[in-house]
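Undergrad: Structure file protein_14.txt (compact mmCIF, C-alpha atoms) is given on the next line.
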```txt
# COMPACT_ATOMS: atom_id res chain seq x y z
CA MET Y 1 0.00 0.00 0.00
CA MET Y 2 2.78 2.43 0.97
CA LYS Y 3 4.68 1.68 -2.25
CA ARG Y 4 1.55 2.43 -4.28
CA ILE Y 5 1.12 5.79 -2.48
CA LEU Y 6 4.77 6.72 -3.00
CA LEU Y 7 4.59 5.73 -6.66
CA THR Y 8 1.43 7.80 -7.11
CA LEU Y 9 3.12 10.80 -5.47
CA LEU Y 10 6.19 10.35 -7.66
CA VAL Y 11 4.09 10.20 -10.81
CA ALA Y 12 2.18 13.33 -9.69
CA VAL Y 13 5.44 15.21 -9.05
CA VAL Y 14 6.79 14.19 -12.45
CA LEU Y 15 3.59 15.23 -14.22
CA ILE Y 16 3.45 18.57 -12.42
CA GLY Y 17 7.13 19.17 -13.14
CA ALA Y 18 6.62 18.35 -16.80
CA ALA Y 19 3.62 20.69 -16.97
CA VAL Y 20 5.58 23.54 -15.38
CA LEU Y 21 8.53 22.93 -17.70
CA ALA Y 22 6.25 22.91 -20.73
CA TRP Y 23 4.58 26.13 -19.53
CA GLY Y 24 7.90 27.88 -19.08
CA LEU Y 25 9.47 26.76 -22.36
CA TRP Y 26 6.41 27.01 -24.60
CA PRO Y 27 7.03 29.83 -27.09
CA THR Y 28 5.25 33.08 -26.26
CA SER Y 29 3.01 34.58 -28.91
CA THR Y 30 2.46 38.34 -28.89
CA ARG Y 31 0.18 40.71 -30.76
CA GLU Y 32 1.87 42.05 -33.87
CA ILE Y 33 2.06 45.72 -34.79
CA ASP Y 34 0.67 46.50 -38.22
CA ALA Y 35 3.82 47.83 -39.88
CA SER Y 36 1.80 49.04 -42.87
CA ALA Y 37 0.19 51.65 -40.61
CA PHE Y 38 3.50 53.52 -40.34
CA ASP Y 39 5.89 55.11 -42.82
CA LEU Y 40 9.08 54.06 -41.09
CA GLU Y 41 11.18 56.45 -43.20
CA ASP Y 42 9.00 59.46 -42.45
CA PRO Y 43 11.25 62.24 -41.02
CA GLU Y 44 8.55 63.23 -38.54
CA LEU Y 45 8.26 59.69 -37.20
CA ILE Y 46 12.06 59.44 -36.98
CA ALA Y 47 12.13 62.74 -35.06
CA ASP Y 48 9.46 61.38 -32.71
CA GLY Y 49 11.68 58.35 -32.21
CA GLU Y 50 14.68 60.50 -31.34
CA TYR Y 51 12.62 62.32 -28.73
CA LEU Y 52 11.42 59.00 -27.31
CA MET Y 53 15.01 57.75 -27.27
CA HIS Y 54 15.76 60.58 -24.84
CA ALA Y 55 12.55 59.96 -22.88
CA SER Y 56 13.52 56.28 -22.60
CA ASP Y 57 17.11 57.11 -21.56
CA CYS Y 58 18.70 54.79 -24.13
CA VAL Y 59 21.96 56.77 -24.11
CA ALA Y 60 22.84 56.06 -20.48
CA CYS Y 61 23.22 52.31 -21.07
CA HIS Y 62 23.81 51.87 -24.78
CA ALA Y 63 26.02 54.81 -25.83
CA PRO Y 64 29.41 54.52 -24.09
CA LYS Y 65 31.44 56.71 -26.47
CA ALA Y 66 29.12 59.34 -27.87
CA ALA Y 67 25.47 60.26 -27.53
CA ASP Y 68 24.66 58.67 -30.90
CA SER Y 69 26.95 55.62 -30.93
CA PHE Y 70 24.63 53.07 -29.24
CA THR Y 71 27.20 50.27 -29.46
CA GLY Y 72 26.61 49.11 -25.89
CA GLY Y 73 29.20 47.31 -23.80
CA LEU Y 74 28.51 49.14 -20.54
CA PRO Y 75 28.33 46.92 -17.43
CA ILE Y 76 25.09 46.80 -15.45
CA ALA Y 77 25.54 45.35 -11.98
CA THR Y 78 23.02 42.74 -10.83
CA PRO Y 79 22.90 40.46 -7.77
CA ILE Y 80 24.15 37.55 -9.92
CA GLY Y 81 26.90 39.37 -11.84
CA ALA Y 82 27.48 42.03 -14.48
CA ILE Y 83 25.32 42.19 -17.61
CA TYR Y 84 26.54 44.25 -20.56
CA SER Y 85 24.35 46.46 -22.70
CA THR Y 86 24.12 45.46 -26.35
CA ASN Y 87 24.76 47.07 -29.71
CA ILE Y 88 21.46 48.61 -30.85
CA THR Y 89 22.73 50.29 -34.01
CA PRO Y 90 21.33 49.01 -37.34
CA ASP Y 91 24.50 47.00 -38.04
CA LYS Y 92 23.37 43.67 -39.50
CA ASP Y 93 26.19 41.58 -38.03
CA THR Y 94 26.48 42.81 -34.45
CA GLY Y 95 23.48 45.11 -33.98
CA ILE Y 96 19.76 45.06 -34.71
CA GLY Y 97 19.92 45.69 -38.46
CA ASP Y 98 18.04 42.48 -39.24
CA TYR Y 99 15.25 43.17 -36.75
CA SER Y 100 11.77 43.61 -38.15
CA LEU Y 101 9.40 46.03 -36.44
CA ASN Y 102 7.85 43.10 -34.58
CA ASP Y 103 11.27 41.70 -33.61
CA PHE Y 104 11.98 45.12 -32.13
CA ASP Y 105 8.59 45.22 -30.42
CA ARG Y 106 8.96 41.74 -28.90
CA ALA Y 107 12.35 42.68 -27.51
CA LEU Y 108 11.32 46.08 -26.21
CA ARG Y 109 7.85 45.39 -24.80
CA HIS Y 110 7.97 41.66 -24.08
CA GLY Y 111 11.61 40.89 -23.32
CA ILE Y 112 11.97 38.27 -26.06
CA ARG Y 113 14.85 38.14 -28.55
CA PRO Y 114 14.29 37.07 -32.17
CA ASP Y 115 15.75 33.65 -31.29
CA GLY Y 116 13.09 33.25 -28.58
CA ALA Y 117 15.41 33.72 -25.61
CA THR Y 118 14.36 36.01 -22.76
CA ILE Y 119 16.17 39.31 -22.31
CA TYR Y 120 17.49 40.07 -18.83
CA PRO Y 121 15.20 42.64 -17.19
CA ALA Y 122 18.25 44.84 -16.68
CA MET Y 123 16.84 46.17 -19.96
CA PRO Y 124 13.61 47.63 -18.56
CA TRP Y 125 11.15 45.84 -20.85
CA PRO Y 126 8.65 45.43 -17.95
CA ALA Y 127 8.25 49.23 -18.10
CA TYR Y 128 8.49 49.57 -21.88
CA ALA Y 129 5.55 47.14 -22.07
CA ARG Y 130 3.41 50.20 -21.25
CA MET Y 131 4.40 51.98 -24.47
CA THR Y 132 2.02 52.52 -27.38
CA ASP Y 133 2.36 51.00 -30.85
CA HIS Y 134 3.10 54.45 -32.27
CA ASP Y 135 5.95 55.06 -29.85
CA ILE Y 136 7.47 51.64 -30.50
CA ALA Y 137 7.27 52.25 -34.26
CA ALA Y 138 8.84 55.71 -33.83
CA LEU Y 139 11.75 54.29 -31.84
CA TYR Y 140 12.23 51.58 -34.46
CA ALA Y 141 12.23 54.18 -37.23
CA TYR Y 142 14.83 56.25 -35.38
CA PHE Y 143 17.19 53.36 -34.67
CA MET Y 144 16.90 52.02 -38.20
CA HIS Y 145 17.09 55.31 -40.10
CA GLY Y 146 18.43 57.92 -37.66
CA VAL Y 147 21.40 56.01 -36.23
CA ALA Y 148 24.53 55.00 -38.12
CA PRO Y 149 25.33 51.27 -38.18
CA MET Y 150 28.46 50.48 -36.17
CA GLN Y 151 30.18 47.14 -35.68
CA ALA Y 152 30.72 46.19 -32.05
CA GLU Y 153 30.51 42.63 -30.79
CA ASN Y 154 28.22 42.10 -27.82
CA ARG Y 155 29.85 40.97 -24.60
CA ALA Y 156 28.64 37.92 -22.71
CA PRO Y 157 27.44 38.47 -19.11
CA ASP Y 158 29.90 37.96 -16.27
CA ILE Y 159 27.62 35.44 -14.57
CA ALA Y 160 28.89 32.08 -13.39
CA TRP Y 161 27.22 28.77 -14.21
CA PRO Y 162 24.50 27.73 -13.53
CA MET Y 163 23.07 31.25 -13.10
CA ASN Y 164 24.24 32.16 -16.61
CA MET Y 165 21.76 29.74 -18.20
CA ARG Y 166 19.23 31.91 -19.97
CA TRP Y 167 16.33 29.48 -20.41
CA PRO Y 168 15.11 29.76 -16.77
CA LEU Y 169 14.49 33.47 -17.43
CA ALA Y 170 11.42 32.46 -19.44
CA PHE Y 171 9.81 31.23 -16.21
CA TRP Y 172 10.63 34.56 -14.51
CA ARG Y 173 9.24 36.51 -17.47
CA LYS Y 174 5.98 34.57 -17.51
CA ALA Y 175 5.57 34.67 -13.74
CA PHE Y 176 6.49 38.29 -13.09
CA GLY Y 177 6.39 40.15 -16.40
CA PRO Y 178 3.53 42.59 -17.06
CA GLY Y 179 1.96 40.39 -19.75
CA ALA Y 180 0.74 41.14 -23.24
CA ASP Y 181 -2.07 43.48 -22.13
CA ALA Y 182 0.10 45.97 -20.23
CA VAL Y 183 -0.18 48.91 -22.66
CA PHE Y 184 -0.84 52.11 -20.70
CA ASP Y 185 -4.47 53.07 -20.12
CA PRO Y 186 -4.84 56.87 -19.88
CA SER Y 187 -8.53 56.57 -18.97
CA ARG Y 188 -7.49 55.81 -15.39
CA PHE Y 189 -6.81 59.53 -14.94
CA ASP Y 190 -9.20 62.48 -14.99
CA ASP Y 191 -6.43 64.96 -15.83
CA ASP Y 192 -4.76 64.67 -19.26
CA VAL Y 193 -1.55 66.26 -17.96
CA VAL Y 194 -1.33 63.78 -15.09
CA ALA Y 195 -2.07 60.93 -17.52
CA ARG Y 196 0.81 62.05 -19.76
CA GLY Y 197 3.13 62.22 -16.75
CA ALA Y 198 2.06 58.75 -15.60
CA TYR Y 199 2.74 57.37 -19.06
CA LEU Y 200 6.23 58.86 -19.15
CA VAL Y 201 7.05 57.67 -15.62
CA GLU Y 202 5.63 54.16 -15.91
CA GLY Y 203 6.55 53.54 -19.56
CA PRO Y 204 9.49 55.05 -21.45
CA GLY Y 205 10.97 56.77 -18.39
CA HIS Y 206 10.99 53.43 -16.50
CA CYS Y 207 11.42 55.28 -13.19
CA GLY Y 208 10.24 52.27 -11.22
CA THR Y 209 13.17 50.19 -12.46
CA CYS Y 210 15.38 52.01 -9.98
CA HIS Y 211 12.99 53.76 -7.60
CA THR Y 212 10.67 50.85 -6.72
CA PRO Y 213 11.66 48.15 -4.19
CA ARG Y 214 12.06 44.60 -5.46
CA ALA Y 215 10.86 41.33 -4.02
CA ALA Y 216 13.14 38.43 -3.12
CA THR Y 217 12.58 37.12 -6.65
CA LEU Y 218 13.88 40.47 -8.02
CA GLN Y 219 10.72 41.74 -9.70
CA GLU Y 220 9.50 45.26 -8.87
CA VAL Y 221 6.86 45.03 -6.15
CA ALA Y 222 4.57 47.25 -8.28
CA LEU Y 223 4.67 48.47 -11.88
CA ASP Y 224 2.33 51.42 -11.44
CA ASP Y 225 0.64 53.53 -8.77
CA ARG Y 226 -2.11 50.93 -8.24
CA GLY Y 227 0.40 48.79 -6.35
CA ASP Y 228 1.84 49.40 -2.89
CA GLY Y 229 5.47 50.40 -2.88
CA PHE Y 230 5.57 51.93 -6.37
CA LEU Y 231 8.39 54.51 -6.46
CA ALA Y 232 8.92 54.18 -2.69
CA GLY Y 233 12.71 53.90 -3.11
CA GLY Y 234 14.90 51.18 -4.54
CA ALA Y 235 18.12 49.27 -4.02
CA ALA Y 236 21.53 50.80 -4.66
CA VAL Y 237 22.55 51.55 -8.25
CA ASP Y 238 26.33 51.83 -8.58
CA GLY Y 239 26.44 52.56 -4.87
CA TYR Y 240 23.77 55.30 -4.84
CA ILE Y 241 20.31 54.85 -3.34
CA PRO Y 242 17.34 55.83 -5.55
CA TYR Y 243 15.16 57.59 -3.04
CA ASN Y 244 11.44 57.66 -2.42
CA LEU Y 245 9.52 59.70 -5.03
CA ARG Y 246 6.20 59.57 -3.20
CA GLY Y 247 4.60 62.16 -0.93
CA ASP Y 248 6.41 61.42 2.34
CA GLU Y 249 7.55 64.53 4.20
CA GLY Y 250 11.17 63.69 4.86
CA SER Y 251 12.60 60.93 2.71
CA GLY Y 252 10.08 61.61 -0.07
CA LEU Y 253 8.90 64.58 -2.13
CA GLY Y 254 6.06 65.65 0.16
CA LEU Y 255 7.61 69.04 0.88
CA TRP Y 256 8.69 69.68 -2.70
CA SER Y 257 6.58 71.81 -5.00
CA GLU Y 258 5.76 70.85 -8.57
CA GLU Y 259 8.32 73.46 -9.65
CA ASP Y 260 10.99 71.92 -7.39
CA ILE Y 261 10.51 68.55 -9.06
CA ALA Y 262 10.40 70.00 -12.58
CA ARG Y 263 13.63 71.97 -12.13
CA THR Y 264 15.39 68.93 -10.67
CA LEU Y 265 14.35 66.78 -13.62
CA SER Y 266 15.56 69.28 -16.22
CA THR Y 267 18.66 70.75 -14.52
CA ALA Y 268 19.66 68.25 -11.76
CA ARG Y 269 19.09 70.94 -9.13
CA ASN Y 270 16.45 73.21 -7.66
CA ALA Y 271 16.41 76.09 -5.22
CA HIS Y 272 17.29 73.89 -2.24
CA ALA Y 273 18.45 70.44 -3.42
CA ALA Y 274 20.48 68.67 -6.09
CA VAL Y 275 20.88 65.27 -7.70
CA ILE Y 276 23.92 63.38 -6.44
CA GLY Y 277 25.70 60.48 -8.07
CA PRO Y 278 26.26 59.49 -11.71
CA PRO Y 279 23.21 57.18 -12.10
CA MET Y 280 20.57 59.93 -11.82
CA GLN Y 281 22.87 62.68 -13.07
CA ASP Y 282 23.26 60.73 -16.31
CA VAL Y 283 19.48 60.46 -16.61
CA VAL Y 284 19.19 64.24 -16.42
CA ALA Y 285 22.15 64.92 -18.73
CA HIS Y 286 21.29 62.33 -21.41
CA SER Y 287 17.53 62.18 -21.15
CA LEU Y 288 15.38 64.48 -19.09
CA GLN Y 289 16.92 67.80 -20.08
CA TYR Y 290 15.80 67.12 -23.67
CA LEU Y 291 12.13 66.73 -22.79
CA THR Y 292 9.71 69.56 -23.48
CA PRO Y 293 8.68 71.79 -20.57
CA GLU Y 294 5.18 70.38 -20.96
CA ASP Y 295 6.38 66.81 -20.47
CA ILE Y 296 8.59 67.79 -17.52
CA THR Y 297 5.59 69.49 -15.92
CA ALA Y 298 3.44 66.43 -16.58
CA ILE Y 299 5.95 64.16 -14.81
CA ALA Y 300 6.21 66.52 -11.86
CA ARG Y 301 2.44 66.86 -11.58
CA TYR Y 302 1.96 63.10 -11.68
CA LEU Y 303 4.57 62.53 -8.96
CA LYS Y 304 2.76 65.03 -6.75
CA THR Y 305 -0.37 62.84 -6.93
CA LEU Y 306 1.38 59.92 -5.21
CA SER Y 307 0.42 59.39 -1.58
CA PRO Y 308 3.09 58.84 1.08
CA ALA Y 309 4.59 55.36 1.23
CA GLY Y 310 3.92 55.43 4.96
CA ASP Y 311 6.73 53.11 6.03
CA GLN Y 312 9.60 55.60 5.91
CA ALA Y 313 11.63 55.82 9.11
CA ALA Y 314 12.94 59.34 8.57
CA ARG Y 315 11.00 62.50 9.37
CA PHE Y 316 11.54 66.24 9.05
CA THR Y 317 10.14 69.00 11.26
CA PRO Y 318 10.46 72.47 9.71
CA GLY Y 319 11.31 75.48 11.84
CA ASP Y 320 14.00 73.93 14.06
CA THR Y 321 16.53 76.73 14.72
CA ALA Y 322 18.48 75.15 17.57
CA THR Y 323 21.17 73.59 15.37
CA ALA Y 324 21.72 76.77 13.38
CA SER Y 325 21.90 78.93 16.51
CA ALA Y 326 24.43 76.66 18.20
CA LEU Y 327 26.64 76.48 15.13
CA ALA Y 328 26.48 80.25 14.64
CA ARG Y 329 27.88 80.62 18.17
CA GLY Y 330 30.57 78.06 17.44
CA GLU Y 331 29.09 75.65 19.94
CA THR Y 332 29.15 71.92 19.22
CA SER Y 333 28.40 69.01 21.51
CA SER Y 334 29.79 66.26 19.29
CA ARG Y 335 32.70 65.42 17.05
CA GLY Y 336 30.23 65.45 14.16
CA GLY Y 337 29.39 69.08 14.83
CA GLU Y 338 33.07 69.97 14.94
CA VAL Y 339 33.70 68.28 11.59
CA PHE Y 340 30.69 70.09 10.11
CA LEU Y 341 31.97 73.50 11.22
CA ASP Y 342 35.46 72.71 9.96
CA SER Y 343 34.59 71.09 6.60
CA CYS Y 344 30.97 71.77 5.64
CA ALA Y 345 29.63 75.03 7.07
CA ALA Y 346 31.53 77.29 4.67
CA CYS Y 347 29.34 76.06 1.79
CA HIS Y 348 26.21 74.68 3.45
CA PHE Y 349 26.12 77.38 6.18
CA SER Y 350 25.23 77.07 9.83
CA ALA Y 351 21.55 77.07 8.95
CA GLY Y 352 22.03 74.08 6.62
CA THR Y 353 20.41 76.03 3.78
CA GLY Y 354 23.14 76.03 1.13
CA THR Y 355 22.64 78.54 -1.69
CA THR Y 356 19.80 78.78 -4.19
CA ASP Y 357 20.31 76.63 -7.32
CA ALA Y 358 23.92 75.98 -6.38
CA ILE Y 359 24.77 74.31 -3.08
CA PRO Y 360 22.08 71.95 -1.75
CA GLY Y 361 20.44 72.57 1.57
CA LEU Y 362 20.64 69.87 4.24
CA ALA Y 363 17.48 70.57 6.22
CA GLY Y 364 14.67 68.35 4.95
CA ASN Y 365 16.71 67.07 2.01
CA PRO Y 366 15.37 63.64 0.92
CA THR Y 367 18.89 62.41 0.11
CA VAL Y 368 19.95 63.28 3.65
CA LEU Y 369 16.89 61.55 5.10
CA THR Y 370 16.96 58.35 3.05
CA GLU Y 371 17.03 55.40 5.45
CA ASP Y 372 20.07 53.80 3.80
CA PRO Y 373 22.94 56.33 4.14
CA SER Y 374 25.13 54.76 1.42
CA SER Y 375 24.70 57.67 -1.00
CA LEU Y 376 25.71 60.21 1.64
CA ILE Y 377 28.71 58.17 2.73
CA ARG Y 378 29.87 57.84 -0.86
CA LEU Y 379 29.34 61.57 -1.39
CA ILE Y 380 31.53 62.46 1.59
CA LEU Y 381 34.26 60.00 0.57
CA THR Y 382 34.42 60.70 -3.17
CA GLY Y 383 32.88 64.13 -3.64
CA ASP Y 384 30.59 64.85 -6.56
CA THR Y 385 30.03 67.17 -9.52
CA LEU Y 386 26.68 68.27 -10.89
CA PRO Y 387 26.20 67.58 -14.61
CA ARG Y 388 26.23 70.27 -17.27
CA THR Y 389 22.87 70.94 -18.86
CA GLU Y 390 21.78 73.42 -21.50
CA GLU Y 391 19.92 75.51 -18.94
CA ARG Y 392 22.60 75.16 -16.27
CA PRO Y 393 25.94 74.91 -18.14
CA ASN Y 394 28.12 75.43 -15.07
CA THR Y 395 29.20 72.32 -13.21
CA LEU Y 396 29.39 72.58 -9.45
CA GLY Y 397 31.53 70.28 -7.37
CA MET Y 398 32.00 69.07 -3.82
CA PRO Y 399 35.51 67.92 -2.85
CA ARG Y 400 36.29 64.44 -1.61
CA PHE Y 401 37.07 63.88 2.05
CA ASP Y 402 38.22 60.26 2.07
CA TRP Y 403 41.81 61.40 2.61
CA ARG Y 404 40.92 63.67 5.55
CA LEU Y 405 38.21 61.92 7.51
CA ASP Y 406 38.34 58.46 9.01
CA ASP Y 407 35.35 56.13 9.27
CA ASP Y 408 34.35 57.40 12.73
CA GLU Y 409 34.48 61.04 11.64
CA VAL Y 410 32.40 60.41 8.52
CA ALA Y 411 29.83 58.56 10.60
CA GLU Y 412 29.77 61.32 13.21
CA VAL Y 413 29.31 64.20 10.78
CA LEU Y 414 26.60 62.39 8.82
CA THR Y 415 24.76 61.52 12.01
CA PHE Y 416 24.99 65.19 12.99
CA ILE Y 417 23.55 66.26 9.62
CA ARG Y 418 20.81 63.61 9.70
CA THR Y 419 19.64 64.75 13.15
CA GLY Y 420 20.09 68.52 12.86
CA TRP Y 421 17.80 71.37 11.64
CA GLY Y 422 14.68 69.26 12.23
CA ASN Y 423 16.01 66.19 10.43
CA ASP Y 424 15.22 62.90 12.12
CA ALA Y 425 16.93 59.97 10.37
CA PRO Y 426 18.78 56.92 11.71
CA GLU Y 427 22.36 57.45 12.79
CA VAL Y 428 25.28 56.38 10.63
CA THR Y 429 27.82 53.90 12.00
CA ALA Y 430 31.53 53.60 11.36
CA GLU Y 431 30.92 50.05 10.16
CA GLU Y 432 28.62 51.36 7.41
CA VAL Y 433 31.28 53.83 6.34
CA ALA Y 434 33.95 51.14 6.31
CA GLU Y 435 31.76 48.93 4.10
CA VAL Y 436 31.25 51.69 1.53
CA ARG Y 437 34.96 52.56 1.60
CA ALA Y 438 35.82 48.92 0.94
CA HIS Y 439 33.39 48.78 -2.00
CA LEU Y 440 34.99 51.90 -3.46
CA LYS Y 441 38.39 50.26 -3.26
CA ASP Y 442 37.07 47.09 -4.90
CA ASP Y 443 35.39 49.11 -7.67
CA THR Y 444 38.65 50.98 -8.37
CA GLU Y 445 40.66 47.75 -8.53
CA THR Y 446 38.10 46.15 -10.87
CA ALA Y 447 38.15 49.20 -13.16
CA ASP Y 448 41.97 49.11 -13.26
CA GLN Y 449 41.91 45.43 -14.23
CA ARG Y 450 39.56 46.20 -17.13
```
Would it be possible to restate this file's structure as structure tokens?
TA:
Amino acid sequence: MMKRILLTLLVAVVLIGAAVLAWGLWPTSTREIDASAFDLEDPELIADGEYLMHASDCVACHAPKAADSFTGGLPIATPIGAIYSTNITPDKDTGIGDYSLNDFDRALRHGIRPDGATIYPAMPWPAYARMTDHDIAALYAYFMHGVAPMQAENRAPDIAWPMNMRWPLAFWRKAFGPGADAVFDPSRFDDDVVARGAYLVEGPGHCGTCHTPRAATLQEVALDDRGDGFLAGGAAVDGYIPYNLRGDEGSGLGLWSEEDIARTLSTARNAHAAVIGPPMQDVVAHSLQYLTPEDITAIARYLKTLSPAGDQAARFTPGDTATASALARGETSSRGGEVFLDSCAACHFSAGTGTTDAIPGLAGNPTVLTEDPSSLIRLILTGDTLPRTEERPNTLGMPRFDWRLDDDEVAEVLTFIRTGWGNDAPEVTAEEVAEVRAHLKDDTETADQR
């Protein structure tokens, strides 16, 4: 009797396993775009595609040498190893020159290569799935007729076996991808401007790729504002933390005006804050600064509709003058305060206000209040330079302090900043600083080896 039960269970497991395997490996069919509906050599459509290329931030990953090279080869760090962006010029041997419009669509919106293999979601196809047929056709027209073909062999991922096997990705795509019916629905919104902003954020802009938390299985916990956690802050990208874009007062954008957000998107700075770190600075320099004022406003207005995430540890209370008054008198009660007076106050001032459109303020700054202090630690250790944009051509820099401050001093001054002027964020430890410093050393050694 027991043998019969065990045999029955074994047969059931085999059948279920075979069914799951068949489900995962069965080729995916997708709706085709009617190519005859578009003149793919129309200059206006090509120009639309160039604009969408900027809106989709293709340059940041695919154009390592010049803004129009698109030969790929840039490493994208993932938990399982580095993935390298591919050549998306119309070269027929190493690029996408042999792609049909529907090959292009399946890759961009569904994450499927012409050979049927699944594309790593480091290329944000779960977001691009929101894009309209017109916008996909415009991008295709631009890359086929507005970009010069260039030969550049694609580089295999630096992922060890067995994680480098690509076929299991099909299971991930089918389980966690947005599906074939994910095209954006503007009717969800009463305001056309907000709807346009939502489309740009959720679709081509793929903001959630970085700014939304991920589950243990690495999918974004939500792909639009109907899901909890959407844009509530993500994991580190090249060592910098994408912060919360929702309405939290502190680590989010609750205290920012629509104009604050719009200026940050187009110039990497506003009257009281600035973008730090290459990941987001590149987005502004290569992408957002080229969007129309109307689209920038639409994005900002949409972001202002997002409710607070509600689970943010940091808070900010405006109107706290105690820190500023003590510093103005030269009084400090901690080593962190002493370091601030010695190394920071000359630019950021005793009141922690900085200067308008130049030096970021520290009071109520979301970067300062982000729960994970990695971005701030890296900023203190390596310094930073704001990107040049057409509207703001002057770069502004902060010097590095890794040679002057030890781990304890960096932790002390950041804790002072994160708890002064009404800021209320978790303290920074010397161990956290040491970890970031070690990663910086490893990154430098890896770059030298390459």
Undergrad: Would you compute the distance between atom CA of Y:Ser266 and atom CA of Y:Cys210? Give it in Å to one decimal.
TA: 18.4 Å
Undergrad: Given the point (12.7, 79.5, -5.3) in the file's coordinates, find the residues that have an atom at most 9 Å from it, counting only C-alpha atoms, and give them as number ranges by chain.
TA: Y: 259-260, 270-272, 356-357
Undergrad: Atom CA of Y:Ala170 and atom CA of Y:Ala222, how far apart in Å?
TA: 19.8 Å
Undergrad: Measuring between all atoms listed in the file, which one of Y:Ala152, Y:Ala345, Y:Ala411, Y:Arg166 shows the shortest distance to Y:Ile359?
TA: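 For Y:Ile359, the nearest of the candidates is Y:Ala345.
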Undergrad: Quick check, in Å to one decimal: how far apart do atom CA of Y:Asp133 and atom CA of Y:Asp103 lie?
TA: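 Distance reported for this atom pair: 13.2 Å.
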Undergrad: Can you pull out every residue within 8 Å of stretch 431-442 of chain Y, counting all atoms listed in the file, but drop anything in the same chain fewer than 4 positions away, and send it as a list in words?
TA: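 The residues that qualify are Ser374, Ile377, Arg378, Leu381, Asp407, Asp408, Val410, Ala411 and Thr446 of chain Y.
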Undergrad: Write out, as a CSV table (one decimal), in the frame of the given file, the residues just selected, with C-alpha atoms.
TA:
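Below is the file result-v7.csv, written as the result:
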```csv
chain,number,residue,atom,x,y,z
Y,374,SER,CA,25.1,54.8,1.4
Y,377,ILE,CA,28.7,58.2,2.7
Y,378,ARG,CA,29.9,57.8,-0.9
Y,381,LEU,CA,34.3,60.0,0.6
Y,407,ASP,CA,35.4,56.1,9.3
Y,408,ASP,CA,34.4,57.4,12.7
Y,410,VAL,CA,32.4,60.4,8.5
Y,411,ALA,CA,29.8,58.6,10.6
Y,446,THR,CA,38.1,46.2,-10.9
```
Undergrad: Any chance you could model N, CA and C atoms for stretch 216-229 of chain Y and send them as a compact mmCIF listing (two decimals), in the frame of the given file?
TA:
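Result went into result15.txt, see below:
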```txt
# COMPACT_ATOMS: atom_id res chain seq x y z
N ALA Y 216 12.03 39.38 -3.20
CA ALA Y 216 13.14 38.43 -3.12
C ALA Y 216 13.43 37.79 -4.47
N THR Y 217 12.41 37.70 -5.32
CA THR Y 217 12.58 37.12 -6.65
C THR Y 217 12.92 38.18 -7.71
N LEU Y 218 13.28 39.39 -7.23
CA LEU Y 218 13.88 40.47 -8.02
C LEU Y 218 12.93 41.23 -8.94
N GLN Y 219 11.64 40.91 -8.94
CA GLN Y 219 10.72 41.74 -9.70
C GLN Y 219 10.33 42.97 -8.88
N GLU Y 220 9.99 44.07 -9.56
CA GLU Y 220 9.50 45.26 -8.87
C GLU Y 220 8.20 44.90 -8.15
N VAL Y 221 8.04 45.40 -6.93
CA VAL Y 221 6.86 45.03 -6.15
C VAL Y 221 5.59 45.64 -6.74
N ALA Y 222 5.72 46.66 -7.59
CA ALA Y 222 4.57 47.25 -8.28
C ALA Y 222 5.07 47.93 -9.54
N LEU Y 223 4.29 47.86 -10.61
CA LEU Y 223 4.67 48.47 -11.88
C LEU Y 223 3.95 49.78 -12.16
N ASP Y 224 2.98 50.12 -11.31
CA ASP Y 224 2.33 51.42 -11.44
C ASP Y 224 1.74 51.82 -10.10
N ASP Y 225 1.09 52.98 -10.04
CA ASP Y 225 0.64 53.53 -8.77
C ASP Y 225 -0.53 52.77 -8.16
N ARG Y 226 -1.05 51.75 -8.84
CA ARG Y 226 -2.11 50.93 -8.24
C ARG Y 226 -1.55 49.89 -7.28
N GLY Y 227 -0.22 49.76 -7.24
CA GLY Y 227 0.40 48.79 -6.35
C GLY Y 227 1.16 49.46 -5.22
N ASP Y 228 1.11 48.86 -4.03
CA ASP Y 228 1.84 49.40 -2.89
C ASP Y 228 3.34 49.35 -3.16
N GLY Y 229 4.01 50.38 -2.76
CA GLY Y 229 5.47 50.40 -2.88
C GLY Y 229 5.98 51.03 -4.15
```
